[in-house]
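S.K.: Could you have a look at this structure, given as structure tokens, before my questions?
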Amino acid sequence: MSYQHAEDNWFAAILIGFIALAVLVNIWRARRGKELYIRRIPGLDAIDEAIGRSTELGRPVTMIPGLTAFGVEAVQALTIFKYITKQIARFATPMRLLTANATVYAVAQEAIADAYNEAGRPDLYDPDSVRFLSSEQFAFASGVAGLMQRERVAANFMFGIFYAESLIFAETGNIVGAVQIAGTVSFTQVPFFVAACDYTIIGDEFYATSAYISREPVLLGSMVGQDLAKISFASMIVGGSLISTFLGTDHPIVQLLGKPQGWQPFVEWLSQVLGR
Amino acid sequence: MEARSIWERMMQIDRRILYAILAVNIIAALMARVAIEPDIPPPVKRFYDTIEALQPGDMVMVSSTWSAGTLAENQPQFEAVLKHLMRKRVRFTIISFAPPARDISHRLARRLTEDFGYVEGKDWAHFGYAPDIIIAVKGMSEDIVQAIRQDVRRVPIAELEVMKGVKSLKDYKLVVDVTPSDTLTYWISYRPPNLKILYCPTSVMAAEAYTFLDSGQILGMITGAKGAYEYERLLGIVGLGTRFINAIQFSHVLIIVFILLGNFAMFMQRRTSAS
Amino acid sequence: MLFDTTQLVVALLWIAGAFALAIALIPLLGTLPPRGRFALISFVTFIAGLFFAAEFFLPVGEDNKNILTDPFQKMQGSLQVITALSLGLGTYGLVRMHLRNAIQRRPQWGYSLVLLVAFVVMAFFSVWNTMAEKGLFGLKRTPLLENAFTLLFDYTLIQLDATMFSLIAFYIFSAAYRAFRIRSIEASILMFTAMLVMIGIVPLGKLISDSIGLPAVQTAEMRTNPFMLENILYNLRLPQIASWIQETLNAPVQRAIEFGVGIGALAMAIRLWLSLERGIN
């Protein structure tokens, strides 16, 4: 069953609307001054420490957004790198941002230039510090590995979508003795990062990074909305499991939750129940 | 400066020594004539049974997005799948969603099909490289001739004998996705509802596929070169999977031995420091 | 003929028009105050996002299309054009930097020279090969082209690609040796799980389980009576344990992470659509 339109599964469309509402309501609450809590993420606390180490050693920092095509993940990665660059600009530490996607390269150039401007050090911006290496996976990997080895980087930040080349980056960083912080939504690469990096940010912690770093009300509010949506999903899973255990898997509520074509039987059942 | 104890030196073996040991291990394993019968996992058995259930003349789409980087994992799968399809006298078409994958899969297919007397254009075809998988799958779900237009040899799709009676993906029985990347979710999202999917990922990507196996969105899966070996055992052939399995399993054993060695050294180092 | 003349003229007119519009827009955007610029960009972003959202939510006919579906597919095609253009931009940046390194003899300029030579040679033969395949400009496949393309593609690129992937096998060895130590409970669980899966998924796992006398086959009686001793022993086989870890532990955890990631991506997309995300602005 494909989900190309809302009509393919109205329940999924309603859930999307619910998540959007949860996010927007909590953004509104945050803007009105509500204090919102976000738990500690050790990997993100270590960013400043890693930059400090780079500065002391006088060796560059590398930032790698992976093979991320331009989209939501790339924007998030560049937001994080922009924050890192602003910290770097304070200490005049050299940096390299290496991309495998030309669109990300174009946007990254602007983002990094802005970061130096906002930090009050536009003179430090070097256009060659943002590089497009190759769109081919292993050509990109060999370029990054080579650069890390030649320049003996002291800190390596990897945020974005990664595939098999993730371990090449992480282990090369380990060989040169870099402090490494990685964040990815690529589930299959998490074990490699956990084994080879100092800190790993997993799954939706990646999306929480910008909220954590900036503490902006809009972003914190969005995080709370996301968490509410997750709690609702978990409740639906538990509820659905209980209903299917006691009322059977053919029950309309279970079909609604579990089957793409479950909307129609649920609507018919609901009409019957309300009609009574 | 205090000399490092043997345990400290064991815990921090130079990685070049580790790499040399692994290289020797792999070379020796590749030359070893050791054959161990595998336990065939249910996803591999279902993969085999799904293709085995096809009838001569049925139409199958092979989505081949792998290139040189994942040759060792995807080539054994690709070869075994094509051999099985040809053994069942099934018609198939190949499409690639990565530029290097087109040439690699086309050349390999031409070599393999010669042994089975398959003729390109008559029994099989290669649709070449499609830059956008979403547009390609959606387009092929409605009208293949409009979506693809010509095969890799620039012959119009409508003129290919293999495409007789086939208007769209709805006329296909099956798609086999041989890939190192995330093409599976696009096939699941945009294919016609009746089109079954079989999946051939690299070992790393397989972890993501168990949810789809569980929900029945993919019917079977063979995982990397190891999965290709299990599949070859079911087919009764000796292919690249069979040739590579010893290197895989003895490398796993080596890694486990060294992990245990490293932990033993760590314990001994702690005991020595404590005393 | 390479192109139809009328189509070529129409295409050139469209391109010229787009250039003219872009050139006119840039000074116009420059005259706007920053808040006005932000408002304009937010408006365009909102309309563009609304188009895709509306296409998803509007009812469809029997052909699974609504009034926005065909323009939607054309828009997706235009995204490919943008990607192709940006590839040109990226390539330009790469070549410019390495050319400057080589001309100014900056440190490690030798690598830059190698890159430039490889780039030119590979591009030359690839473009020639593609044009010869399509019969464009009367070009044909010559022995020189065949040999050069085979040397560059089959004997160089493919082998280098495969070599880089093979590095991962060595790197995972050193990473596993370094990381899988019993330092904490979590590290221990990681280590033992990895070892069980590594040995369970290969035929050696079956051999070891058979050699210690564990039942090799699950009979119907064992399936109906899961707590009988033989069934428990069968499930202690290494392949069964590895399979259980992959299917029963890994799959639900992956689902949970995917839920979070999906919700996070949706929330971020909403923030970008409504211009609430200021990150890279």
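By order of appearance in the structure tokens: chains A, B, ..., then residues from 1 within every chain, and ligands from 1 in the order shown.
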Give me the residues within 6 Å of range 57-67 of chain A as a PyMOL selection string, counting only C-alpha atoms and dropping any in the same chain fewer than 6 places off.
M.R.: chain A and resi 94-98+100+153-162
S.K.: I need the residues from that last selection saved to file as an mmCIF file, in the first residue's frame (with N, CA and C atoms), if you can.
M.R.:
data_model
loop_
_atom_site.group_PDB
_atom_site.id
_atom_site.type_symbol
_atom_site.label_atom_id
_atom_site.label_comp_id
_atom_site.auth_asym_id
_atom_site.auth_seq_id
_atom_site.Cartn_x
_atom_site.Cartn_y
_atom_site.Cartn_z
ATOM 1 N N PRO A 94 41.536 27.067 13.127
ATOM 2 C CA PRO A 94 41.233 26.704 11.730
ATOM 3 C C PRO A 94 40.147 25.628 11.661
ATOM 4 N N MET A 95 39.372 25.660 10.597
ATOM 5 C CA MET A 95 38.302 24.662 10.448
ATOM 6 C C MET A 95 38.199 24.221 8.989
ATOM 7 N N ARG A 96 37.622 23.015 8.812
ATOM 8 C CA ARG A 96 37.347 22.520 7.468
ATOM 9 C C ARG A 96 35.943 21.921 7.497
ATOM 10 N N LEU A 97 35.095 22.323 6.565
ATOM 11 C CA LEU A 97 33.776 21.708 6.428
ATOM 12 C C LEU A 97 33.778 20.992 5.091
ATOM 13 N N LEU A 98 33.604 19.684 5.136
ATOM 14 C CA LEU A 98 33.766 18.860 3.929
ATOM 15 C C LEU A 98 32.426 18.246 3.550
ATOM 16 N N ALA A 100 29.737 16.247 0.604
ATOM 17 C CA ALA A 100 29.654 15.336 -0.541
ATOM 18 C C ALA A 100 28.477 15.704 -1.440
ATOM 19 N N VAL A 153 43.921 16.569 12.414
ATOM 20 C CA VAL A 153 42.845 17.316 13.060
ATOM 21 C C VAL A 153 42.739 16.933 14.530
ATOM 22 N N ALA A 154 42.296 17.893 15.326
ATOM 23 C CA ALA A 154 42.206 17.654 16.766
ATOM 24 C C ALA A 154 40.768 17.414 17.222
ATOM 25 N N ALA A 155 39.807 17.874 16.422
ATOM 26 C CA ALA A 155 38.402 17.634 16.772
ATOM 27 C C ALA A 155 37.640 17.360 15.493
ATOM 28 N N ASN A 156 36.753 16.402 15.558
ATOM 29 C CA ASN A 156 35.999 15.978 14.371
ATOM 30 C C ASN A 156 34.527 15.897 14.738
ATOM 31 N N PHE A 157 33.710 16.684 14.046
ATOM 32 C CA PHE A 157 32.266 16.663 14.292
ATOM 33 C C PHE A 157 31.567 16.085 13.072
ATOM 34 N N MET A 158 30.790 15.036 13.293
ATOM 35 C CA MET A 158 30.082 14.383 12.193
ATOM 36 C C MET A 158 28.594 14.397 12.505
ATOM 37 N N PHE A 159 27.845 15.185 11.753
ATOM 38 C CA PHE A 159 26.398 15.269 11.966
ATOM 39 C C PHE A 159 25.696 15.157 10.626
ATOM 40 N N GLY A 160 24.748 14.243 10.543
ATOM 41 C CA GLY A 160 23.986 14.125 9.303
ATOM 42 C C GLY A 160 23.643 12.678 9.008
ATOM 43 N N ILE A 161 23.523 12.377 7.718
ATOM 44 C CA ILE A 161 23.210 11.012 7.289
ATOM 45 C C ILE A 161 24.496 10.376 6.781
ATOM 46 N N PHE A 162 24.791 9.204 7.302
ATOM 47 C CA PHE A 162 26.013 8.512 6.909
ATOM 48 C C PHE A 162 25.675 7.103 6.450
#
S.K.: Using only C-alpha atoms, which residues sit within 8 Å of Lys226 in chain B once same-chain residues fewer than 6 positions away are excluded, as a VMD selection string?
M.R.: (chain B and resid 241 244 to 245 248) or (chain C and resid 202)
S.K.: Can you write out the residues you just picked, keeping N, CA and C atoms, as a short mmCIF file (atom, residue, chain, number, x, y, z; two decimals), in the first residue's frame?
M.R.:
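Contents of selection_10.cif, as written:
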data_model
loop_
_atom_site.label_atom_id
_atom_site.label_comp_id
_atom_site.auth_asym_id
_atom_site.auth_seq_id
_atom_site.Cartn_x
_atom_site.Cartn_y
_atom_site.Cartn_z
N GLY B 241 29.35 -16.29 -3.06
CA GLY B 241 28.99 -16.39 -1.64
C GLY B 241 29.70 -17.56 -0.98
N PHE B 244 33.35 -16.81 -0.49
CA PHE B 244 33.71 -15.79 0.49
C PHE B 244 33.39 -16.18 1.93
N ILE B 245 32.55 -17.20 2.12
CA ILE B 245 32.00 -17.43 3.48
C ILE B 245 33.10 -17.77 4.49
N ILE B 248 34.67 -14.70 5.78
CA ILE B 248 33.77 -13.98 6.69
C ILE B 248 33.78 -14.64 8.06
N VAL C 202 27.02 -16.93 11.28
CA VAL C 202 27.85 -17.65 10.30
C VAL C 202 27.72 -19.16 10.53
#
S.K.: Fewer than 2 positions away in the same chain doesn't count, so skip those; otherwise give me all residues within 10 Å of Ala50 in chain A, counting only C-alpha atoms, as a list in words.
M.R.: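 With the cut-off at 10 Å, the set is Asp45, Ala46, Ile47, Asp48, Gly52, Arg53, Ser54, Thr55, Val61, Ala154, Ala155, Asn156, Phe157, Ala178, Val179, Gln180 and Ile181 of chain A.
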S.K.: With C-alpha atoms retained, export the selected residues as a tab-separated table (two decimals), in the first residue's frame.
M.R.:
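So the final result, stored in part-v4.tsv, reads:
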chain	number	residue	atom	x	y	z
A	45	ASP	CA	28.22	19.53	26.37
A	46	ALA	CA	31.50	18.21	25.03
A	47	ILE	CA	31.48	20.42	21.91
A	48	ASP	CA	33.12	23.37	23.66
A	52	GLY	CA	39.13	24.17	23.31
A	53	ARG	CA	41.41	21.18	22.78
A	54	SER	CA	41.80	22.03	19.11
A	55	THR	CA	42.72	25.60	19.96
A	61	VAL	CA	38.54	21.19	13.47
A	154	ALA	CA	42.21	17.65	16.77
A	155	ALA	CA	38.40	17.63	16.77
A	156	ASN	CA	36.00	15.98	14.37
A	157	PHE	CA	32.27	16.66	14.29
A	178	ALA	CA	40.98	13.63	17.44
A	179	VAL	CA	38.11	14.13	19.87
A	180	GLN	CA	35.06	12.96	17.96
A	181	ILE	CA	31.40	13.80	18.39
S.K.: What lies within 10 Å of range 25-42 of chain C using only C-alpha atoms, ignoring chain neighbours under 6 positions off, as a compact mmCIF listing (two decimals) with C-alpha atoms, in the first residue's frame?
M.R.:
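What follows is the written file part36.txt:
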# COMPACT_ATOMS: atom_id res chain seq x y z
CA PHE C 19 18.01 34.76 -16.25
CA ALA C 48 6.06 26.46 -1.91
CA LEU C 272 11.21 25.51 8.23
CA TRP C 273 7.90 25.83 6.38
CA LEU C 274 6.60 28.46 8.80
CA SER C 275 10.03 30.15 8.98
CA LEU C 276 10.23 29.51 12.72
CA ASN C 281 19.37 32.22 8.25
S.K.: Pick out the chain A residues within 10 Å of chain B. Count only C-alpha atoms. Give them as a ChimeraX atom specification.
M.R.: /A:1-4,136-138,163-164,175,186-189,258
S.K.: Export C-alpha atoms of the chosen residues as a PDB file, in the first residue's frame?
M.R.:
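Output file part27.pdb follows:
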ATOM      1  CA  MET A   1       0.000   0.000   0.000  1.00  0.00           C
ATOM      2  CA  SER A   2       1.476   3.374  -0.886  1.00  0.00           C
ATOM      3  CA  TYR A   3       0.878   6.605   0.992  1.00  0.00           C
ATOM      4  CA  GLN A   4       1.031   9.137  -1.741  1.00  0.00           C
ATOM      5  CA  GLU A 136      30.868   9.525  -4.888  1.00  0.00           C
ATOM      6  CA  GLN A 137      30.712   7.836  -1.478  1.00  0.00           C
ATOM      7  CA  PHE A 138      34.192   6.343  -1.281  1.00  0.00           C
ATOM      8  CA  TYR A 163      26.403   5.182   5.213  1.00  0.00           C
ATOM      9  CA  ALA A 164      29.288   2.731   5.087  1.00  0.00           C
ATOM     10  CA  ILE A 175      44.201   7.266  14.419  1.00  0.00           C
ATOM     11  CA  SER A 186      21.175   6.654  10.280  1.00  0.00           C
ATOM     12  CA  PHE A 187      20.310   3.816  12.600  1.00  0.00           C
ATOM     13  CA  THR A 188      22.711   1.345  11.007  1.00  0.00           C
ATOM     14  CA  GLN A 189      25.771   3.566  11.518  1.00  0.00           C
ATOM     15  CA  GLY A 258      -2.458  -1.450  12.366  1.00  0.00           C
TER      16      GLY A 258
END
S.K.: Counting only C-alpha atoms, collect the residues of chain A whose closest atom lies at most 7 Å from chain C, and write them out as an NGL selection string.
M.R.: :A and (4-7 or 20 or 23 or 72 or 78-79 or 102-103 or 105 or 111 or 128 or 131-133 or 138 or 167-168 or 171 or 185 or 195-196 or 203-204 or 207 or 222 or 226 or 230)
S.K.: Please report, as number ranges by chain, each residue of range 162-265 of chain A to which DSSP assigns alpha helix (DSSP H) when run on this structure's backbone.
M.R.: A: 166-175, 190-196, 205-214, 217-247, 252-258, 263-265
S.K.: When DSSP is applied to the backbone of this structure, which of range 35-257 of chain A are assigned strand (DSSP E or B)? Write them out as a PyMOL selection string.
M.R.: chain A and resi 61-66+95-99+130-132+155-161+179-184+199-202
S.K.: Could the residues in this selection be saved with C-alpha atoms as a JSON list (two decimals), in the first residue's frame?
M.R.:
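Written out: again09.json:
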[["chain", "number", "residue", "atom", "x", "y", "z"],
["A", 61, "VAL", "CA", 38.54, 21.19, 13.47],
["A", 62, "THR", "CA", 36.69, 19.19, 10.82],
["A", 63, "MET", "CA", 32.94, 19.21, 10.32],
["A", 64, "ILE", "CA", 31.37, 16.57, 8.13],
["A", 65, "PRO", "CA", 27.68, 16.51, 7.19],
["A", 66, "GLY", "CA", 28.11, 13.09, 5.60],
["A", 95, "MET", "CA", 38.30, 24.66, 10.45],
["A", 96, "ARG", "CA", 37.35, 22.52, 7.47],
["A", 97, "LEU", "CA", 33.78, 21.71, 6.43],
["A", 98, "LEU", "CA", 33.77, 18.86, 3.93],
["A", 99, "THR", "CA", 30.65, 18.02, 1.93],
["A", 130, "VAL", "CA", 34.29, 24.82, 3.00],
["A", 131, "ARG", "CA", 34.96, 22.19, 0.36],
["A", 132, "PHE", "CA", 32.99, 19.97, -1.93],
["A", 155, "ALA", "CA", 38.40, 17.63, 16.77],
["A", 156, "ASN", "CA", 36.00, 15.98, 14.37],
["A", 157, "PHE", "CA", 32.27, 16.66, 14.29],
["A", 158, "MET", "CA", 30.08, 14.38, 12.19],
["A", 159, "PHE", "CA", 26.40, 15.27, 11.97],
["A", 160, "GLY", "CA", 23.99, 14.12, 9.30],
["A", 161, "ILE", "CA", 23.21, 11.01, 7.29],
["A", 179, "VAL", "CA", 38.11, 14.13, 19.87],
["A", 180, "GLN", "CA", 35.06, 12.96, 17.96],
["A", 181, "ILE", "CA", 31.40, 13.80, 18.39],
["A", 182, "ALA", "CA", 28.94, 12.19, 16.00],
["A", 183, "GLY", "CA", 25.21, 12.62, 15.57],
["A", 184, "THR", "CA", 23.15, 10.73, 13.05],
["A", 199, "TYR", "CA", 30.32, 10.86, 22.06],
["A", 200, "THR", "CA", 27.42, 9.73, 19.92],
["A", 201, "ILE", "CA", 24.07, 11.45, 19.50],
["A", 202, "ILE", "CA", 21.42, 9.02, 18.39]]
S.K.: What lies within 10 Å of range 32-40 of chain B using only C-alpha atoms, ignoring chain neighbours under 6 positions off, as number ranges by chain?
M.R.: B: 26, 226-227, 229-231, 233-234, 242-243, 245-247; C: 200-207, 216-217, 239-240
S.K.: So which residues touch Met86 in chain B within 9 Å, counting only C-alpha atoms, skipping near sequence neighbours fewer than 4 positions away, as a ChimeraX atom specification?
M.R.: /B:81-82,90-92,113,116,118
S.K.: Go ahead and save the picked residues with C-alpha atoms, as a short mmCIF file (atom, residue, chain, number, x, y, z; two decimals), in the first residue's frame.
M.R.:
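again24.cif written:
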data_model
loop_
_atom_site.label_atom_id
_atom_site.label_comp_id
_atom_site.auth_asym_id
_atom_site.auth_seq_id
_atom_site.Cartn_x
_atom_site.Cartn_y
_atom_site.Cartn_z
CA VAL B 81 19.26 -14.11 -8.08
CA LEU B 82 19.76 -13.88 -11.84
CA VAL B 90 11.31 -16.02 -15.93
CA ARG B 91 11.55 -12.74 -17.90
CA PHE B 92 13.32 -9.94 -16.09
CA THR B 113 22.73 -14.62 -19.43
CA PHE B 116 21.54 -19.73 -19.89
CA TYR B 118 19.03 -15.69 -22.59
#
S.K.: Taking only C-alpha atoms into account, which of B:Met61, B:Val257, B:Leu112, B:Leu160 comes nearest chain C?
M.R.: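 Under the stated criterion, the closest residue is B:Val257.
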S.K.: What residues in chain B lie within 9 Å of chain C, counting only C-alpha atoms, written as a ChimeraX atom specification?
M.R.: /B:11-12,15,18-19,22-23,36-39,41,67-72,100,131-132,135,153-154,207-211,214,226,245,248-256,258-263,266
S.K.: With a distance cut-off of 7 Å and only C-alpha atoms, select the neighbouring residues of Tyr199 in chain B, excluding the residue or stretch itself and same-chain residues fewer than 3 positions from it, and output the selection as a list in words.
M.R.: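 Skipping anything fewer than 3 positions along the chain leaves Val176, Asp177, Val178, Ile218, Gly220, Met221 and Ile222 of chain B.
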S.K.: Kindly save the residues from that selection, with N, CA and C atoms included, as a PDB file, in the first residue's frame.
M.R.:
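Dumped everything to out16.pdb:
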ATOM      1  N   VAL B 176      13.030  -7.393  -7.099  1.00  0.00           N
ATOM      2  CA  VAL B 176      14.148  -7.800  -6.243  1.00  0.00           C
ATOM      3  C   VAL B 176      15.078  -6.599  -6.150  1.00  0.00           C
ATOM      4  N   ASP B 177      15.234  -6.069  -4.960  1.00  0.00           N
ATOM      5  CA  ASP B 177      16.033  -4.853  -4.772  1.00  0.00           C
ATOM      6  C   ASP B 177      17.408  -5.233  -4.236  1.00  0.00           C
ATOM      7  N   VAL B 178      18.440  -5.130  -5.113  1.00  0.00           N
ATOM      8  CA  VAL B 178      19.814  -5.431  -4.713  1.00  0.00           C
ATOM      9  C   VAL B 178      20.512  -4.095  -4.509  1.00  0.00           C
ATOM     10  N   ILE B 218       8.168  -6.769   3.016  1.00  0.00           N
ATOM     11  CA  ILE B 218       9.069  -7.534   2.153  1.00  0.00           C
ATOM     12  C   ILE B 218       8.914  -9.008   2.524  1.00  0.00           C
ATOM     13  N   GLY B 220      11.063 -11.637   1.693  1.00  0.00           N
ATOM     14  CA  GLY B 220      12.264 -12.399   2.008  1.00  0.00           C
ATOM     15  C   GLY B 220      13.478 -11.512   1.880  1.00  0.00           C
ATOM     16  N   MET B 221      14.579 -11.978   2.459  1.00  0.00           N
ATOM     17  CA  MET B 221      15.792 -11.156   2.456  1.00  0.00           C
ATOM     18  C   MET B 221      17.023 -12.040   2.478  1.00  0.00           C
ATOM     19  N   ILE B 222      18.017 -11.700   1.656  1.00  0.00           N
ATOM     20  CA  ILE B 222      19.324 -12.351   1.784  1.00  0.00           C
ATOM     21  C   ILE B 222      20.350 -11.260   2.107  1.00  0.00           C
TER      22      ILE B 222
END
S.K.: To one decimal place, how far is CA of Val218 in chain A from CA of Ala30 in chain A in Å?
M.R.: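 About the pair CA of Val218 in chain A and CA of Ala30 in chain A: they are 6.3 Å apart.
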